[in-house]
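J.: I am sharing start-v1.pdb, which consists of PDB, C-alpha atoms:
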ATOM      1  CA  MET A   1     -48.799 -60.513  42.217
ATOM      2  CA  LYS A   2     -45.137 -61.426  42.614
ATOM      3  CA  LYS A   3     -43.614 -60.948  46.056
ATOM      4  CA  SER A   4     -41.028 -58.449  44.776
ATOM      5  CA  GLU A   5     -43.774 -56.386  43.142
ATOM      6  CA  ARG A   6     -45.892 -56.499  46.329
ATOM      7  CA  ILE A   7     -42.901 -55.458  48.483
ATOM      8  CA  ASN A   8     -42.245 -52.531  46.138
ATOM      9  CA  GLN A   9     -45.893 -51.437  46.329
ATOM     10  CA  MET A  10     -45.922 -51.991  50.075
ATOM     11  CA  LEU A  11     -42.894 -49.739  50.443
ATOM     12  CA  ARG A  12     -44.748 -46.991  48.579
ATOM     13  CA  PHE A  13     -47.855 -47.600  50.714
ATOM     14  CA  ILE A  14     -46.072 -47.345  54.075
ATOM     15  CA  ASN A  15     -43.994 -44.399  52.875
ATOM     16  CA  GLN A  16     -47.236 -42.445  52.420
ATOM     17  CA  LYS A  17     -49.012 -43.758  55.501
ATOM     18  CA  LYS A  18     -46.247 -43.448  58.153
ATOM     19  CA  HIS A  19     -48.277 -45.527  60.704
ATOM     20  CA  PHE A  20     -49.780 -48.867  59.725
ATOM     21  CA  THR A  21     -50.991 -52.162  61.154
ATOM     22  CA  PHE A  22     -51.165 -55.753  59.975
ATOM     23  CA  ARG A  23     -54.819 -55.150  59.132
ATOM     24  CA  ASP A  24     -53.878 -52.216  56.907
ATOM     25  CA  LEU A  25     -51.436 -54.404  54.974
ATOM     26  CA  MET A  26     -53.819 -57.368  54.865
ATOM     27  CA  ARG A  27     -56.651 -55.190  53.545
ATOM     28  CA  GLU A  28     -54.580 -53.205  51.058
ATOM     29  CA  PHE A  29     -52.707 -56.159  49.568
ATOM     30  CA  GLN A  30     -55.251 -58.923  50.246
ATOM     31  CA  ILE A  31     -52.738 -61.068  52.095
ATOM     32  CA  SER A  32     -52.786 -63.173  55.263
ATOM     33  CA  LYS A  33     -51.362 -62.050  58.598
ATOM     34  CA  ARG A  34     -48.518 -64.534  58.166
ATOM     35  CA  THR A  35     -47.643 -63.080  54.743
ATOM     36  CA  ALA A  36     -47.822 -59.546  56.201
ATOM     37  CA  LEU A  37     -45.326 -60.606  58.896
ATOM     38  CA  ARG A  38     -42.951 -62.065  56.300
ATOM     39  CA  ASP A  39     -43.286 -58.939  54.143
ATOM     40  CA  ILE A  40     -42.473 -56.644  57.088
ATOM     41  CA  THR A  41     -39.386 -58.761  57.741
ATOM     42  CA  ALA A  42     -38.444 -58.457  54.053
ATOM     43  CA  LEU A  43     -38.887 -54.672  54.227
ATOM     44  CA  GLU A  44     -36.623 -54.504  57.274
ATOM     45  CA  GLU A  45     -34.021 -56.636  55.487
ATOM     46  CA  ILE A  46     -33.864 -54.186  52.581
ATOM     47  CA  GLY A  47     -33.319 -51.328  55.019
ATOM     48  CA  ALA A  48     -36.780 -49.854  55.570
ATOM     49  CA  PRO A  49     -36.562 -47.974  58.906
ATOM     50  CA  ILE A  50     -39.608 -49.642  60.496
ATOM     51  CA  TYR A  51     -40.198 -49.965  64.221
ATOM     52  CA  ALA A  52     -42.986 -51.642  66.149
ATOM     53  CA  GLU A  53     -45.202 -49.742  68.582
ATOM     54  CA  TYR A  54     -46.432 -51.851  71.465
ATOM     55  CA  SER A  55     -49.604 -50.339  72.850
ATOM     56  CA  ARG A  56     -53.358 -50.637  72.600
ATOM     57  CA  ASP A  57     -53.333 -48.848  69.235
ATOM     58  CA  GLY A  58     -49.946 -50.283  68.284
ATOM     59  CA  GLY A  59     -48.706 -51.130  64.893
ATOM     60  CA  TYR A  60     -45.708 -50.028  62.949
ATOM     61  CA  ARG A  61     -44.145 -46.707  62.088
ATOM     62  CA  LEU A  62     -41.712 -45.635  59.463
ATOM     63  CA  LEU A  63     -38.974 -43.584  61.138
ATOM     64  CA  ASN A  64     -38.511 -41.333  58.132
ATOM     65  CA  GLN A  65     -39.503 -41.313  54.510
ATOM     66  CA  MET A  66     -37.393 -43.441  52.243
ATOM     67  CA  GLN A  67     -36.004 -42.660  48.843
ATOM     68  CA  LEU A  68     -38.049 -44.987  46.677
ATOM     69  CA  PRO A  69     -36.815 -46.889  43.641
ATOM     70  CA  PRO A  70     -38.154 -45.872  40.225
ATOM     71  CA  ILE A  71     -41.573 -47.190  39.295
ATOM     72  CA  SER A  72     -41.548 -50.334  37.226
ATOM     73  CA  PHE A  73     -44.499 -51.364  35.118
ATOM     74  CA  SER A  74     -45.832 -54.870  34.625
ATOM     75  CA  SER A  75     -46.485 -55.943  31.029
ATOM     76  CA  GLN A  76     -50.228 -55.496  31.528
ATOM     77  CA  GLU A  77     -49.698 -51.953  32.848
ATOM     78  CA  VAL A  78     -47.448 -51.120  29.881
ATOM     79  CA  TYR A  79     -50.131 -52.288  27.442
ATOM     80  CA  ALA A  80     -52.869 -50.362  29.263
ATOM     81  CA  LEU A  81     -50.809 -47.153  29.256
ATOM     82  CA  TYR A  82     -49.835 -47.597  25.621
ATOM     83  CA  PHE A  83     -53.444 -48.027  24.480
ATOM     84  CA  ALA A  84     -54.555 -45.096  26.646
ATOM     85  CA  MET A  85     -51.916 -42.929  24.957
ATOM     86  CA  GLN A  86     -53.199 -44.017  21.574
ATOM     87  CA  ALA A  87     -56.596 -42.608  22.559
ATOM     88  CA  LEU A  88     -54.924 -39.289  23.422
ATOM     89  CA  GLN A  89     -53.743 -38.884  19.842
ATOM     90  CA  SER A  90     -57.295 -38.138  18.701
ATOM     91  CA  PHE A  91     -57.319 -34.853  20.619
ATOM     92  CA  SER A  92     -56.194 -31.874  18.596
ATOM     93  CA  ASN A  93     -54.841 -30.316  21.789
ATOM     94  CA  LEU A  94     -54.293 -31.904  25.177
ATOM     95  CA  PRO A  95     -55.086 -30.287  28.501
ATOM     96  CA  PHE A  96     -52.300 -28.920  30.721
ATOM     97  CA  GLN A  97     -50.274 -27.701  27.725
ATOM     98  CA  VAL A  98     -48.576 -31.036  27.099
ATOM     99  CA  SER A  99     -47.953 -32.735  23.828
ATOM    100  CA  PHE A 100     -48.611 -36.355  23.073
ATOM    101  CA  HIS A 101     -45.114 -36.743  21.656
ATOM    102  CA  SER A 102     -43.476 -35.548  24.874
ATOM    103  CA  ILE A 103     -45.489 -37.983  26.993
ATOM    104  CA  HIS A 104     -44.953 -40.844  24.548
ATOM    105  CA  LYS A 105     -41.185 -40.286  24.440
ATOM    106  CA  LYS A 106     -40.877 -40.244  28.250
ATOM    107  CA  PHE A 107     -43.025 -43.374  28.503
ATOM    108  CA  LEU A 108     -40.886 -45.291  26.021
ATOM    109  CA  ASN A 109     -37.664 -44.160  27.734
ATOM    110  CA  GLU A 110     -38.788 -45.670  31.053
ATOM    111  CA  LEU A 111     -39.523 -49.110  29.624
ATOM    112  CA  SER A 112     -37.187 -52.064  29.695
ATOM    113  CA  GLU A 113     -35.775 -53.212  26.361
ATOM    114  CA  SER A 114     -38.171 -56.183  26.188
ATOM    115  CA  GLN A 115     -41.170 -53.942  26.972
ATOM    116  CA  ARG A 116     -40.051 -51.518  24.242
ATOM    117  CA  GLN A 117     -39.830 -54.418  21.786
ATOM    118  CA  ASP A 118     -43.368 -55.493  22.792
ATOM    119  CA  ILE A 119     -44.640 -51.995  21.949
ATOM    120  CA  VAL A 120     -42.851 -52.066  18.569
ATOM    121  CA  ARG A 121     -44.485 -55.442  17.836
ATOM    122  CA  ILE A 122     -47.906 -54.055  18.788
ATOM    123  CA  GLN A 123     -47.355 -51.039  16.530
ATOM    124  CA  LYS A 124     -46.662 -53.398  13.613
ATOM    125  CA  ARG A 125     -49.818 -55.454  14.229
ATOM    126  CA  VAL A 126     -52.378 -52.941  15.443
ATOM    127  CA  SER A 127     -53.085 -49.604  13.867
ATOM    128  CA  PHE A 128     -55.394 -46.961  15.202
ATOM    129  CA  ARG A 129     -57.538 -44.807  12.995
ATOM    130  CA  HIS A 130     -58.091 -41.487  14.630
ATOM    131  CA  THR A 131     -60.898 -39.267  13.535
ATOM    132  CA  ASP A 132     -60.042 -35.611  13.498
ATOM    133  CA  GLN A 133     -61.577 -33.696  16.311
ATOM    134  CA  ILE A 134     -64.127 -31.302  14.875
ATOM    135  CA  LYS A 135     -63.781 -28.758  17.660
ATOM    136  CA  ASP A 136     -61.115 -28.132  20.250
ATOM    137  CA  SER A 137     -62.059 -29.184  23.752
ATOM    138  CA  GLU A 138     -61.530 -25.700  25.084
ATOM    139  CA  HIS A 139     -63.195 -26.414  28.435
ATOM    140  CA  LEU A 140     -61.647 -29.841  29.081
ATOM    141  CA  GLU A 141     -58.711 -28.483  31.078
ATOM    142  CA  ILE A 142     -61.019 -26.355  33.245
ATOM    143  CA  LEU A 143     -63.184 -29.414  33.986
ATOM    144  CA  LEU A 144     -60.187 -31.593  34.807
ATOM    145  CA  LYS A 145     -58.583 -28.977  37.067
ATOM    146  CA  ALA A 146     -61.862 -28.561  38.930
ATOM    147  CA  ALA A 147     -62.034 -32.312  39.471
ATOM    148  CA  ILE A 148     -58.401 -32.401  40.675
ATOM    149  CA  ASN A 149     -58.975 -29.497  43.075
ATOM    150  CA  ASN A 150     -62.341 -30.841  44.261
ATOM    151  CA  LYS A 151     -64.134 -27.697  43.075
ATOM    152  CA  VAL A 152     -67.776 -27.478  42.092
ATOM    153  CA  LEU A 153     -68.557 -25.920  38.728
ATOM    154  CA  LYS A 154     -71.832 -24.521  37.572
ATOM    155  CA  ILE A 155     -72.297 -25.271  33.898
ATOM    156  CA  ASN A 156     -74.914 -23.518  31.802
ATOM    157  CA  TYR A 157     -75.679 -25.152  28.498
ATOM    158  CA  GLN A 158     -76.786 -23.001  25.613
ATOM    159  CA  LYS A 159     -78.749 -24.211  22.675
ATOM    160  CA  VAL A 160     -76.739 -23.724  19.509
ATOM    161  CA  THR A 161     -78.785 -22.995  16.415
TER     162      THR A 161
END
Translate the structure described by the file into structure tokens.

T.:
Amino acid sequence: MKKSERINQMLRFINQKKHFTFRDLMREFQISKRTALRDITALEEIGAPIYAEYSRDGGYRLLNQMQLPPISFSSQEVYALYFAMQALQSFSNLPFQVSFHSIHKKFLNELSESQRQDIVRIQKRVSFRHTDQIKDSEHLEILLKAAINNKVLKINYQKVT
């Protein structure tokens, strides 16, 4: 992972965590203590309001949440998201009352020009054959919402004759 990418992810990590230690950074980003020290210095240089706590349970704190830059995707992430969206096209209706076209348009708008050109090239070389969904997945949204909300569902299967 490039340093700039790691610093960006680290900024998101500490923005959520508020209190963190070298060990947290080392574990999360699989880096050495020396690299963690350099990265904290880099974060301070870009204006992250970080201060050190000197105590038995010391570490670092973020004074207040920062306004984060927009998310940028690596090429591999762009490809993974693109192919995942292609799989969505096989559904006759998507959960959460969203349309594939709306998601696809927003995705393409957030890409850099070179990433957009990569997607156009892929579209010219790879085509997906989608089989029509025989039945709507009427319970898919209920199942997904239960998973999101950590709810237990009791499902009774009925034999269809």

J.: Which is closer to A:Ser127 than all the others in A:Ala87, A:Leu62, A:Leu144, A:Leu11, using all atoms listed in the file?

T.: A:Ala87

J.: Which residues fall under the PyMOL selection byres ((chain A and resi 17) around 12) in this file, as a list in words?

T.: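 That selection, the PyMOL selection byres ((chain A and resi 17) around 12), comes back as Met10, Leu11, Arg12, Phe13, Ile14, Asn15, Gln16, Lys18, His19, Phe20, Thr21, Asp24, Leu25, Glu28, Gly59, Tyr60, Arg61, Leu62, Leu63, Asn64 and Gln65 of chain A.
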
J.: Near A:Leu81, counting all atoms listed in the file, which residues have an atom at most 10 Å away, once you skip same-chain residues fewer than 6 positions from it, shown as a list in words?

T.: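 My list of contacting residues is Phe73, Ser75, Ala87, His104 and Phe107 of chain A.
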
J.: Within 8 Å of A:Asp39, counting all atoms listed in the file, which residues show up once you throw out same-chain ones fewer than 4 positions away? Write them as a list of chain:residue names, please.

T.: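 Neighbouring residues, sequence-local ones excluded: A:Ile7, A:Thr35, A:Leu43.
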
J.: Using only C-alpha atoms, pick whichever of A:Ser102, A:Ile119, A:Leu88, A:Glu5 has the shortest atom-to-atom distance to A:Ser74.

T.: A:Glu5

J.: So which residues touch A:Lys154 within 12 Å, counting all atoms listed in the file, skipping near sequence neighbours fewer than 4 positions away, as a ChimeraX atom specification?

T.: /A:142-143,146

J.: Keeping C-alpha atoms for every residue in the selection just given, could you write it to a file as a CSV table (one decimal), in the frame of the given file?

T.:
chain,number,residue,atom,x,y,z
A,142,ILE,CA,-61.0,-26.4,33.2
A,143,LEU,CA,-63.2,-29.4,34.0
A,146,ALA,CA,-61.9,-28.6,38.9

J.: Interatomic distance between atom CA of A:Ser112 and atom CA of A:Ile40?

T.: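 Taking atom CA of A:Ser112 and atom CA of A:Ile40, their separation equals 28.3 Å.
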
J.: List the neighbours of A:Met26 out to 10 Å using all atoms listed in the file; skip same-chain residues closer than 5 positions along the sequence, and give me the result as JSON, numbers by chain.

T.: {"A": [21, 31, 32, 33, 34, 35, 36, 37]}

J.: Work out how far apart atom CA of A:Arg6 and atom CA of A:Gly47 are and give it in Å to one decimal.

T.: 16.1 Å

J.: Using all atoms listed in the file, can you tell me which of A:Pro49, A:Lys3, A:His139, A:Tyr79 comes closest to A:Leu111?

T.: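 Of all the options, A:Tyr79 lies closest to A:Leu111.
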
J.: With only C-alpha atoms as the counted atoms, please give the residues lying no more than 12 Å from A:Leu108, apart from itself and same-chain residues fewer than 5 positions off, as a PDB file with C-alpha atoms, in the frame of the given file.

T.:
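Written out: around_3.pdb:
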ATOM      1  CA  PHE A  73     -44.499 -51.364  35.118  1.00  0.00           C
ATOM      2  CA  VAL A  78     -47.448 -51.120  29.881  1.00  0.00           C
ATOM      3  CA  TYR A  79     -50.131 -52.288  27.442  1.00  0.00           C
ATOM      4  CA  LEU A  81     -50.809 -47.153  29.256  1.00  0.00           C
ATOM      5  CA  TYR A  82     -49.835 -47.597  25.621  1.00  0.00           C
ATOM      6  CA  MET A  85     -51.916 -42.929  24.957  1.00  0.00           C
ATOM      7  CA  HIS A 101     -45.114 -36.743  21.656  1.00  0.00           C
ATOM      8  CA  SER A 102     -43.476 -35.548  24.874  1.00  0.00           C
ATOM      9  CA  ILE A 103     -45.489 -37.983  26.993  1.00  0.00           C
ATOM     10  CA  GLU A 113     -35.775 -53.212  26.361  1.00  0.00           C
ATOM     11  CA  SER A 114     -38.171 -56.183  26.188  1.00  0.00           C
ATOM     12  CA  GLN A 115     -41.170 -53.942  26.972  1.00  0.00           C
ATOM     13  CA  ARG A 116     -40.051 -51.518  24.242  1.00  0.00           C
ATOM     14  CA  GLN A 117     -39.830 -54.418  21.786  1.00  0.00           C
ATOM     15  CA  ASP A 118     -43.368 -55.493  22.792  1.00  0.00           C
ATOM     16  CA  ILE A 119     -44.640 -51.995  21.949  1.00  0.00           C
ATOM     17  CA  VAL A 120     -42.851 -52.066  18.569  1.00  0.00           C
TER      18      VAL A 120
END

J.: Which residue out of A:Asn8, A:Phe128, A:Arg121, A:Ser72 has the minimum interatomic distance to A:Gln89 when all atoms listed in the file are used?

T.: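 Once distances to A:Gln89 are computed over all atoms listed in the file, the minimum belongs to A:Phe128.
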
J.: Can I get stretch 23-44 of chain A with N, CA, C and O atoms filled in, as an mmCIF file, in the coordinates of the input?

T.:
data_model
loop_
_atom_site.group_PDB
_atom_site.id
_atom_site.type_symbol
_atom_site.label_atom_id
_atom_site.label_comp_id
_atom_site.auth_asym_id
_atom_site.auth_seq_id
_atom_site.Cartn_x
_atom_site.Cartn_y
_atom_site.Cartn_z
ATOM 1 N N ARG A 23 -53.513 -55.220 59.819
ATOM 2 C CA ARG A 23 -54.819 -55.150 59.132
ATOM 3 C C ARG A 23 -54.754 -54.242 57.910
ATOM 4 O O ARG A 23 -55.351 -54.537 56.887
ATOM 5 N N ASP A 24 -54.029 -53.127 58.051
ATOM 6 C CA ASP A 24 -53.878 -52.216 56.907
ATOM 7 C C ASP A 24 -53.225 -52.948 55.730
ATOM 8 O O ASP A 24 -53.687 -52.853 54.592
ATOM 9 N N LEU A 25 -52.148 -53.671 56.023
ATOM 10 C CA LEU A 25 -51.436 -54.404 54.974
ATOM 11 C C LEU A 25 -52.299 -55.529 54.410
ATOM 12 O O LEU A 25 -52.346 -55.742 53.201
ATOM 13 N N MET A 26 -52.971 -56.261 55.304
ATOM 14 C CA MET A 26 -53.819 -57.368 54.865
ATOM 15 C C MET A 26 -54.936 -56.867 53.951
ATOM 16 O O MET A 26 -55.237 -57.479 52.927
ATOM 17 N N ARG A 27 -55.542 -55.756 54.333
ATOM 18 C CA ARG A 27 -56.651 -55.190 53.545
ATOM 19 C C ARG A 27 -56.152 -54.634 52.211
ATOM 20 O O ARG A 27 -56.718 -54.915 51.159
ATOM 21 N N GLU A 28 -55.086 -53.868 52.262
ATOM 22 C CA GLU A 28 -54.580 -53.205 51.058
ATOM 23 C C GLU A 28 -54.055 -54.199 50.021
ATOM 24 O O GLU A 28 -54.267 -54.033 48.832
ATOM 25 N N PHE A 29 -53.363 -55.237 50.495
ATOM 26 C CA PHE A 29 -52.707 -56.159 49.568
ATOM 27 C C PHE A 29 -53.374 -57.529 49.506
ATOM 28 O O PHE A 29 -52.894 -58.418 48.819
ATOM 29 N N GLN A 30 -54.484 -57.672 50.239
ATOM 30 C CA GLN A 30 -55.251 -58.923 50.246
ATOM 31 C C GLN A 30 -54.348 -60.120 50.535
ATOM 32 O O GLN A 30 -54.257 -61.062 49.746
ATOM 33 N N ILE A 31 -53.661 -60.025 51.675
ATOM 34 C CA ILE A 31 -52.738 -61.068 52.095
ATOM 35 C C ILE A 31 -53.103 -61.525 53.503
ATOM 36 O O ILE A 31 -53.845 -60.841 54.212
ATOM 37 N N SER A 32 -52.552 -62.652 53.922
ATOM 38 C CA SER A 32 -52.786 -63.173 55.263
ATOM 39 C C SER A 32 -51.882 -62.449 56.266
ATOM 40 O O SER A 32 -50.920 -61.771 55.886
ATOM 41 N N LYS A 33 -52.185 -62.652 57.545
ATOM 42 C CA LYS A 33 -51.362 -62.050 58.598
ATOM 43 C C LYS A 33 -49.936 -62.607 58.531
ATOM 44 O O LYS A 33 -48.966 -61.873 58.683
ATOM 45 N N ARG A 34 -49.831 -63.890 58.261
ATOM 46 C CA ARG A 34 -48.518 -64.534 58.166
ATOM 47 C C ARG A 34 -47.688 -63.928 57.021
ATOM 48 O O ARG A 34 -46.499 -63.651 57.172
ATOM 49 N N THR A 35 -48.338 -63.700 55.883
ATOM 50 C CA THR A 35 -47.643 -63.080 54.743
ATOM 51 C C THR A 35 -47.253 -61.639 55.090
ATOM 52 O O THR A 35 -46.153 -61.196 54.751
ATOM 53 N N ALA A 36 -48.136 -60.919 55.782
ATOM 54 C CA ALA A 36 -47.822 -59.546 56.201
ATOM 55 C C ALA A 36 -46.585 -59.536 57.105
ATOM 56 O O ALA A 36 -45.708 -58.678 56.955
ATOM 57 N N LEU A 37 -46.494 -60.498 58.020
ATOM 58 C CA LEU A 37 -45.326 -60.606 58.896
ATOM 59 C C LEU A 37 -44.049 -60.850 58.094
ATOM 60 O O LEU A 37 -43.021 -60.199 58.326
ATOM 61 N N ARG A 38 -44.114 -61.775 57.147
ATOM 62 C CA ARG A 38 -42.951 -62.065 56.300
ATOM 63 C C ARG A 38 -42.566 -60.845 55.475
ATOM 64 O O ARG A 38 -41.378 -60.551 55.298
ATOM 65 N N ASP A 39 -43.575 -60.120 54.960
ATOM 66 C CA ASP A 39 -43.286 -58.939 54.143
ATOM 67 C C ASP A 39 -42.645 -57.828 54.970
ATOM 68 O O ASP A 39 -41.746 -57.133 54.494
ATOM 69 N N ILE A 40 -43.089 -57.657 56.221
ATOM 70 C CA ILE A 40 -42.473 -56.644 57.088
ATOM 71 C C ILE A 40 -41.010 -57.015 57.339
ATOM 72 O O ILE A 40 -40.121 -56.157 57.301
ATOM 73 N N THR A 41 -40.765 -58.294 57.561
ATOM 74 C CA THR A 41 -39.386 -58.761 57.741
ATOM 75 C C THR A 41 -38.559 -58.467 56.488
ATOM 76 O O THR A 41 -37.426 -57.993 56.575
ATOM 77 N N ALA A 42 -39.143 -58.725 55.313
ATOM 78 C CA ALA A 42 -38.444 -58.457 54.053
ATOM 79 C C ALA A 42 -38.149 -56.966 53.907
ATOM 80 O O ALA A 42 -37.064 -56.581 53.453
ATOM 81 N N LEU A 43 -39.098 -56.119 54.298
ATOM 82 C CA LEU A 43 -38.887 -54.672 54.227
ATOM 83 C C LEU A 43 -37.735 -54.249 55.150
ATOM 84 O O LEU A 43 -36.906 -53.411 54.778
ATOM 85 N N GLU A 44 -37.704 -54.824 56.349
ATOM 86 C CA GLU A 44 -36.623 -54.504 57.274
ATOM 87 C C GLU A 44 -35.269 -54.958 56.718
ATOM 88 O O GLU A 44 -34.270 -54.263 56.864
#
